[in-house]
$ cat model-v2.txt   # compact mmCIF, C-alpha atoms and all ligand atoms
# COMPACT_ATOMS: atom_id res chain seq x y z
CA MET H 262 88.03 137.59 101.37
CA SER H 263 87.96 136.75 105.02
CA TRP H 264 84.39 137.98 105.22
CA LEU H 265 83.07 134.63 104.23
CA VAL H 266 84.46 131.94 106.41
CA PRO H 267 85.33 133.16 109.88
CA SER H 268 82.17 135.14 110.31
CA LEU H 269 79.70 132.32 109.85
CA PRO H 270 77.31 132.23 112.80
CA THR H 271 77.54 129.18 114.97
CA TRP H 272 74.18 127.86 113.81
CA ALA H 273 75.42 127.84 110.24
CA ARG H 274 78.53 125.83 110.98
CA ALA H 275 78.66 122.08 110.87
CA THR H 276 78.67 120.63 114.35
CA PRO H 277 81.55 118.33 115.28
CA ALA H 278 79.10 115.46 115.35
CA SER H 279 77.87 116.11 111.87
CA SER H 280 81.31 116.62 110.41
CA SER H 281 82.59 113.45 111.91
CA SER H 282 79.65 111.63 110.44
CA ILE H 283 80.90 112.78 107.08
CA VAL H 284 84.03 110.77 107.37
CA THR H 285 82.69 107.78 109.19
CA SER H 286 82.35 105.98 105.97
CA SER H 287 81.91 102.32 105.73
CA VAL H 288 85.29 101.32 104.41
CA PRO H 289 85.22 97.60 103.90
CA GLN H 290 87.42 95.92 106.43
CA ILE H 291 89.60 93.38 104.73
CA SER H 292 91.52 92.31 107.74
CA ASN H 293 90.62 92.27 111.38
CA GLU H 294 92.60 92.76 114.56
CA ASN H 295 93.63 89.18 114.67
CA GLY H 296 95.75 88.49 111.64
CA ASP H 297 95.81 84.80 112.42
CA GLN H 298 92.15 84.46 111.81
CA ASP H 299 92.50 85.88 108.35
CA GLN H 300 95.30 83.53 107.68
CA GLU H 301 93.14 80.63 108.59
CA GLU H 302 90.43 81.83 106.28
CA ASP H 303 92.70 82.54 103.34
CA ILE H 304 96.37 81.80 103.51
CA ASP H 305 96.87 83.85 100.39
CA ALA H 306 95.33 87.00 101.82
CA PRO H 307 97.77 89.73 100.77
CA PRO H 308 99.30 92.08 103.34
CA PRO H 309 97.82 95.62 103.56
CA PHE H 310 99.55 96.94 100.50
CA PRO H 311 98.46 99.10 98.74
CA LEU H 312 96.65 101.31 101.22
CA LEU H 313 93.32 100.03 102.46
CA GLU H 314 91.89 103.32 103.60
CA SER H 315 92.80 105.54 100.72
CA HIS H 316 90.60 108.50 100.03
CA GLN H 317 89.37 106.92 96.80
CA ARG H 318 88.18 103.82 98.61
CA SER H 319 86.12 105.67 101.12
CA SER H 320 82.54 106.07 100.07
CA ALA H 321 81.68 108.93 102.32
CA PRO H 322 78.17 110.35 101.86
CA ALA H 323 77.91 113.77 100.37
CA ALA H 324 78.74 116.48 102.84
CA PRO H 325 75.90 118.73 103.91
CA SER H 326 76.17 122.00 102.16
CA PHE H 327 74.73 125.42 102.54
CA SER H 328 74.50 128.26 100.15
CA LEU H 329 75.94 131.70 100.31
CA ALA H 330 74.69 134.67 98.43
CA PRO H 331 77.17 137.11 96.98
CA PRO H 332 78.13 140.01 99.20
CA SER H 333 76.02 143.06 98.70
CA PRO H 334 77.83 145.84 96.90
CA PRO H 335 78.99 148.69 99.15
CA LYS H 336 76.22 151.14 99.83
CA SER H 337 76.46 154.76 100.65
CA LYS H 338 75.82 155.13 104.34
CA SER H 339 72.65 156.77 105.54
CA VAL H 340 72.22 158.35 108.94
CA ASP H 341 70.04 155.42 110.08
CA GLU H 342 72.62 152.89 109.11
CA ASP H 343 75.14 154.50 111.35
CA ASP H 344 72.95 153.58 114.29
CA GLU H 345 72.73 149.94 113.35
CA PRO H 346 74.91 147.57 115.31
CA PRO H 347 77.96 146.55 113.36
CA SER H 348 77.30 143.30 111.60
CA ASP H 349 80.10 140.84 111.59
CA LEU H 350 78.24 138.81 109.00
CA ASN H 351 78.60 140.27 105.57
CA ILE H 352 76.90 137.35 103.87
CA ALA H 353 73.36 136.21 103.40
CA ILE H 354 72.42 132.61 104.05
CA VAL H 355 69.96 131.56 101.42
CA ASP H 356 67.50 128.76 102.01
CA ALA H 357 65.71 129.04 98.68
CA PRO H 358 67.23 127.53 95.53
CA LEU H 359 69.54 130.00 93.83
CA GLY H 360 67.62 129.77 90.56
CA ASN H 361 68.52 132.61 88.27
CA MET H 362 70.65 134.37 90.78
CA GLN H 363 73.66 135.99 89.22
CA PRO H 364 77.14 134.91 90.14
CA PRO H 365 78.88 137.09 92.68
CA PRO H 366 80.59 140.25 91.50
CA SER H 367 83.97 139.53 90.08
CA THR H 368 86.90 139.83 92.36
CA THR H 369 90.40 140.66 91.33
CA LYS H 370 91.65 137.55 93.01
CA LYS H 371 89.85 134.21 93.14
CA PRO H 372 88.82 133.46 96.68
CA ASN H 373 90.59 130.59 98.28
CA PHE H 374 88.53 128.94 100.95
CA GLY H 375 91.00 126.23 101.73
CA ILE H 376 91.73 126.89 105.35
CA GLN H 377 93.91 123.89 105.59
CA LYS H 378 97.62 124.45 105.62
CA GLY H 379 98.82 121.17 107.01
CA GLY H 380 97.79 119.82 110.37
CA GLU H 381 94.04 120.35 110.02
CA ASP H 382 92.22 117.78 108.01
CA THR H 383 89.17 119.87 107.26
CA SER H 384 88.96 122.23 104.34
CA LEU H 385 86.33 124.34 102.69
CA SER H 386 85.91 124.30 98.97
CA ILE H 387 83.74 126.36 96.64
CA ASN H 388 81.85 124.93 93.71
CA VAL H 389 82.09 125.97 90.07
CA ASN H 390 79.38 128.63 90.15
CA GLY H 391 80.79 130.20 93.21
CA ASN H 392 77.36 130.09 94.79
CA LYS H 393 77.68 127.17 97.08
CA LEU H 394 80.04 126.63 99.91
CA GLU H 395 80.66 123.05 100.80
CA GLU H 396 82.52 121.65 103.70
CA THR H 397 84.50 118.59 102.91
CA LYS H 398 86.52 116.45 105.17
CA LYS H 399 89.81 115.15 103.92
CA GLU H 400 90.96 111.97 105.52
CA PRO H 401 94.59 112.07 106.44
CA ALA H 402 96.57 109.65 104.36
CA LYS H 403 97.18 106.62 106.49
CA LYS H 404 100.27 104.77 105.55
CA LYS H 405 99.98 101.12 106.26
CA ARG H 406 102.99 99.87 104.47
CA ALA H 407 104.52 96.78 105.82
CA LYS H 408 108.13 97.53 104.94
CA VAL H 409 110.44 96.46 107.71
CA ALA H 410 113.75 97.82 108.86
CA LEU H 411 116.40 95.50 107.51
CA THR H 412 119.45 94.77 109.61
CA PRO H 413 122.69 96.39 108.43
CA GLY H 414 124.29 94.54 105.56
CA HIS H 415 120.98 93.31 104.15
CA SER H 416 120.05 95.96 101.63
CA ALA H 417 119.09 95.23 98.04
CA LEU H 418 122.62 96.10 97.06
CA ASP H 419 124.01 93.64 99.58
CA TRP H 420 121.76 90.96 98.12
CA ALA H 421 123.01 91.74 94.63
CA ARG H 422 126.58 91.44 95.90
CA LEU H 423 125.88 88.12 97.58
CA THR H 424 124.18 86.60 94.55
CA SER H 425 127.07 87.55 92.31
CA SER H 426 129.72 86.37 94.75
CA GLY H 427 129.58 82.77 93.57
CA GLU H 428 128.53 81.52 96.99
CA ASP H 429 126.23 78.49 96.91
CA LEU H 430 122.75 79.71 97.73
CA ARG H 431 120.85 76.66 96.44
CA GLY H 432 121.95 74.14 99.01
CA VAL H 433 121.50 71.30 96.50
CA GLN H 434 123.56 69.76 93.76
CA GLY H 435 122.13 70.02 90.27
CA PHE H 436 118.68 70.94 89.05
CA GLN H 437 115.98 69.12 91.05
CA ARG H 438 112.53 67.82 90.22
CA VAL H 439 110.59 68.70 93.34
CA THR H 440 107.24 67.17 94.22
CA LEU H 441 104.66 68.99 96.35
CA ALA H 442 105.27 66.52 99.17
CA GLU H 443 108.98 67.23 99.07
CA LEU H 444 108.38 70.97 98.91
CA LYS H 445 106.26 70.74 102.05
CA GLU H 446 109.17 69.40 104.07
CA HIS H 447 111.21 72.56 103.54
CA ASN H 448 109.20 74.88 105.72
CA THR H 449 111.54 76.16 108.44
CA PRO H 450 113.58 79.38 108.32
CA ASP H 451 116.80 77.37 108.17
CA ASP H 452 115.52 75.26 105.31
CA ALA H 453 112.79 77.06 103.41
CA TRP H 454 111.79 76.33 99.86
CA SER H 455 108.98 77.93 97.96
CA ALA H 456 107.58 77.58 94.48
CA PHE H 457 106.93 80.54 92.22
CA ASN H 458 105.62 80.10 88.68
CA GLY H 459 106.48 76.41 88.69
CA MET H 460 110.05 76.91 89.85
CA VAL H 461 111.30 76.00 93.30
CA TYR H 462 113.63 78.36 95.14
CA ASN H 463 115.58 78.14 98.34
CA ILE H 464 114.31 81.26 100.07
CA THR H 465 116.35 80.82 103.26
CA PRO H 466 119.28 83.02 102.14
CA TYR H 467 116.89 85.80 101.11
CA LEU H 468 114.91 85.93 104.36
CA PRO H 469 116.99 88.66 106.08
CA PHE H 470 117.07 90.66 102.85
CA HIS H 471 113.35 90.68 102.19
CA PRO H 472 111.99 94.27 102.44
CA GLY H 473 108.62 92.92 103.53
CA GLY H 474 110.17 91.03 106.41
CA GLU H 475 111.05 87.44 107.17
CA ASP H 476 107.63 86.60 108.56
CA GLU H 477 105.86 87.58 105.37
CA LEU H 478 108.24 85.57 103.24
CA MET H 479 107.94 82.57 105.56
CA ARG H 480 104.22 82.48 104.86
CA VAL H 481 105.02 80.74 101.60
CA ALA H 482 107.70 78.40 102.92
CA GLY H 483 107.01 74.80 101.92
CA ARG H 484 104.29 75.71 99.44
CA ASP H 485 103.43 77.48 96.24
CA GLY H 486 103.79 81.23 96.83
CA THR H 487 102.90 82.44 93.36
CA LYS H 488 99.48 83.82 94.25
CA LEU H 489 100.61 85.72 97.32
CA PHE H 490 103.67 87.04 95.54
CA MET H 491 101.62 88.31 92.62
CA LEU H 492 99.02 89.86 94.89
CA THR H 493 101.69 91.67 96.84
CA HIS H 494 104.18 92.93 94.30
CA SER H 495 103.86 91.52 90.83
CA TRP H 496 106.40 94.07 89.61
CA VAL H 497 109.27 92.47 91.51
CA ASN H 498 111.60 90.56 89.18
CA LEU H 499 111.74 87.34 91.15
CA ASP H 500 113.42 85.25 88.44
CA PHE H 501 116.32 87.64 88.30
CA MET H 502 116.62 88.26 92.03
CA MET H 503 116.43 84.61 93.01
CA LYS H 504 118.22 82.92 90.12
CA GLU H 505 121.13 81.88 92.34
CA CYS H 506 118.65 80.25 94.75
CA LEU H 507 116.97 78.11 92.11
CA VAL H 508 116.54 74.55 93.31
CA GLY H 509 114.59 73.06 90.43
CA VAL H 510 111.16 72.63 88.92
CA LEU H 511 107.91 71.72 90.68
CA VAL H 512 106.42 68.45 89.42
CA ARG H 513 103.24 66.59 90.14
CA GLY H 514 103.44 63.37 92.06
C1 LIG G 601 111.16 85.09 96.86
C2 LIG G 601 110.08 85.80 96.83
C3 LIG G 601 110.02 87.28 97.11
C4 LIG G 601 110.88 88.24 96.71
C5 LIG G 601 112.11 88.07 95.84
C6 LIG G 601 110.38 89.50 97.25
C7 LIG G 601 110.98 90.70 97.06
C8 LIG G 601 110.50 91.89 97.54
C9 LIG G 601 111.02 93.18 97.21
C10 LIG G 601 112.15 93.44 96.22
C11 LIG G 601 110.30 94.09 97.87
C12 LIG G 601 110.43 95.60 97.79
C13 LIG G 601 109.41 96.04 96.76
C14 LIG G 601 109.27 97.51 96.62
O1 LIG G 601 109.78 98.27 97.44
O2 LIG G 601 108.61 97.93 95.65
C15 LIG G 601 109.35 93.38 98.66
C16 LIG G 601 108.46 93.99 99.52
C17 LIG G 601 107.50 93.31 100.18
N1 LIG G 601 107.21 91.97 100.08
FE1 LIG G 601 108.23 90.63 99.06
N2 LIG G 601 109.26 89.25 97.96
C18 LIG G 601 109.00 87.93 97.89
C19 LIG G 601 107.94 87.27 98.43
C20 LIG G 601 107.01 87.85 99.22
C21 LIG G 601 105.90 87.16 99.77
C22 LIG G 601 105.58 85.68 99.55
C23 LIG G 601 105.22 88.05 100.49
C24 LIG G 601 104.00 87.69 101.24
C25 LIG G 601 103.21 88.43 101.81
C26 LIG G 601 105.89 89.34 100.41
C27 LIG G 601 105.52 90.50 101.03
C28 LIG G 601 106.14 91.71 100.87
C29 LIG G 601 105.73 92.92 101.52
C30 LIG G 601 104.58 93.08 102.49
C31 LIG G 601 106.58 93.91 101.09
C32 LIG G 601 106.57 95.36 101.52
C33 LIG G 601 105.87 96.17 100.45
C34 LIG G 601 106.03 97.62 100.74
O3 LIG G 601 105.32 98.10 101.58
O4 LIG G 601 106.87 98.25 100.11
N3 LIG G 601 106.98 89.17 99.60
N4 LIG G 601 109.48 92.05 98.44
$ encode --input "model-v2.txt" --output "structure tokens"
Amino acid sequence: MSWLVPSLPTWARATPASSSSIVTSSVPQISNENGDQDQEEDIDAPPPFPLLESHQRSSAPAAPSFSLAPPSPPKSKSVDEDDEPPSDLNIAIVDAPLGNMQPPPSTTKKPNFGIQKGGEDTSLSINVNGNKLEETKKEPAKKKRAKVALTPGHSALDWARLTSSGEDLRGVQGFQRVTLAELKEHNTPDDAWSAFNGMVYNITPYLPFHPGGEDELMRVAGRDGTKLFMLTHSWVNLDFMMKECLVGVLVRG
């Protein structure tokens, strides 16, 4: 069914300007170039995970569409027709509403107007009635995951080995009652504590193992990290992963 797409006259095709306007949707910007500024505004602003610019989030305006009439059935050639210049356009562009127009004659195979086979991010799709051809722009999936490359020997499995090795990962004797003021003092990579769900953990040993990176984890050093943790990955079983790093309980005072 190549008679439909490639032979559209230039005036009937969307111009590059108009097609780009399709995708220039106003996706709300959650973060700006300068991450520090965001941090100042909200220290619990989660990292860009999940994707900010997913296709679902974009609220692109409806793409301009134009209608195509069904191809005219093959006619028996007359002498006059032989003299006509060959038309490379076997379709009729219809301005008027389709109204009661019949659907196109059935084809043995359903036409597939998707001209995208990887690479290109534009595709054509046909609506249910088969009367309207719409150009849609698919935004390429932008992956903005903040997973970092961990140094060798710091995989999840390595962390599991370390926590079951019996090595002291708490750095304190006994179960502590930790005040907010005390928690605040432990805010350096060598001595970092953080509170999650009312429990205080020594996060220093976990820093090089954290899939999100040391910097992200250090954002909650010396303070309550529950909100940021839950916003980022509530599915992570912190209690289990960090049980050997448990320092004590967070208390008021
Ligand atoms: C002790 C507390 C934490 C533990 C045990 C922990 C653990 C983990 C684990 C297991 C993953 C991998 C998750 C997955 O692949 O599905 C992960 C990823 C990540 N974590 Fe944490 N995390 C902690 C705290 C934080 C905090 C406070 C932040 C702050 C922003 C953070 C940011 C991230 C990020 C950005 C990723 C990468 C997500 C991705 O793209 O896959 N984590 N963390």
$ closest_residue --input "model-v2.txt" --among "H:Ala442, H:Leu492, H:Val461, H:Leu499" --to "ligand LIG 601 (chain G)" --atoms "all atoms listed in the file"
H:Leu499
$ residues_around --input "model-v2.txt" --residues "Gly509 of chain H" --least-positions-apart "6" --cutoff "10 Å" --atoms "all atoms listed in the file" --output "PyMOL selection string"
chain H and resi 431+433+435-439+456+459-463
$ closest_residue --input "model-v2.txt" --among "H:Glu477, H:Glu446, H:Asp500, H:Glu505" --to "ligand LIG 601 (chain G)" --atoms "all atoms listed in the file"
H:Glu477
$ residues_near_ligand --input "model-v2.txt" --ligand "ligand LIG 601 (chain G)" --cutoff "7 Å" --atoms "only C-alpha atoms and all ligand atoms" --output "list in words"
Pro307, Pro308, Phe310, Arg406, Ala407, Lys408, Ile464, His471, Pro472, Gly473, Gly474, Glu477, Leu478, Arg480, Val481, Gly486, Leu489, Phe490, Thr493, His494, Val497, Leu499, Met502 and Met503 of chain H
$ write_last_selection --input "model-v2.txt" --atoms "C-alpha atoms" --output "PDB file, in the coordinates of the input"
ATOM      1  CA  PRO H 307      97.770  89.730 100.770  1.00  0.00           C
ATOM      2  CA  PRO H 308      99.300  92.080 103.340  1.00  0.00           C
ATOM      3  CA  PHE H 310      99.550  96.940 100.500  1.00  0.00           C
ATOM      4  CA  ARG H 406     102.990  99.870 104.470  1.00  0.00           C
ATOM      5  CA  ALA H 407     104.520  96.780 105.820  1.00  0.00           C
ATOM      6  CA  LYS H 408     108.130  97.530 104.940  1.00  0.00           C
ATOM      7  CA  ILE H 464     114.310  81.260 100.070  1.00  0.00           C
ATOM      8  CA  HIS H 471     113.350  90.680 102.190  1.00  0.00           C
ATOM      9  CA  PRO H 472     111.990  94.270 102.440  1.00  0.00           C
ATOM     10  CA  GLY H 473     108.620  92.920 103.530  1.00  0.00           C
ATOM     11  CA  GLY H 474     110.170  91.030 106.410  1.00  0.00           C
ATOM     12  CA  GLU H 477     105.860  87.580 105.370  1.00  0.00           C
ATOM     13  CA  LEU H 478     108.240  85.570 103.240  1.00  0.00           C
ATOM     14  CA  ARG H 480     104.220  82.480 104.860  1.00  0.00           C
ATOM     15  CA  VAL H 481     105.020  80.740 101.600  1.00  0.00           C
ATOM     16  CA  GLY H 486     103.790  81.230  96.830  1.00  0.00           C
ATOM     17  CA  LEU H 489     100.610  85.720  97.320  1.00  0.00           C
ATOM     18  CA  PHE H 490     103.670  87.040  95.540  1.00  0.00           C
ATOM     19  CA  THR H 493     101.690  91.670  96.840  1.00  0.00           C
ATOM     20  CA  HIS H 494     104.180  92.930  94.300  1.00  0.00           C
ATOM     21  CA  VAL H 497     109.270  92.470  91.510  1.00  0.00           C
ATOM     22  CA  LEU H 499     111.740  87.340  91.150  1.00  0.00           C
ATOM     23  CA  MET H 502     116.620  88.260  92.030  1.00  0.00           C
ATOM     24  CA  MET H 503     116.430  84.610  93.010  1.00  0.00           C
TER      25      MET H 503
END
$ closest_residue --input "model-v2.txt" --among "H:Val512, H:Ala410, H:Met362, H:Ala421" --to "Thr440 of chain H" --atoms "only C-alpha atoms"
H:Val512
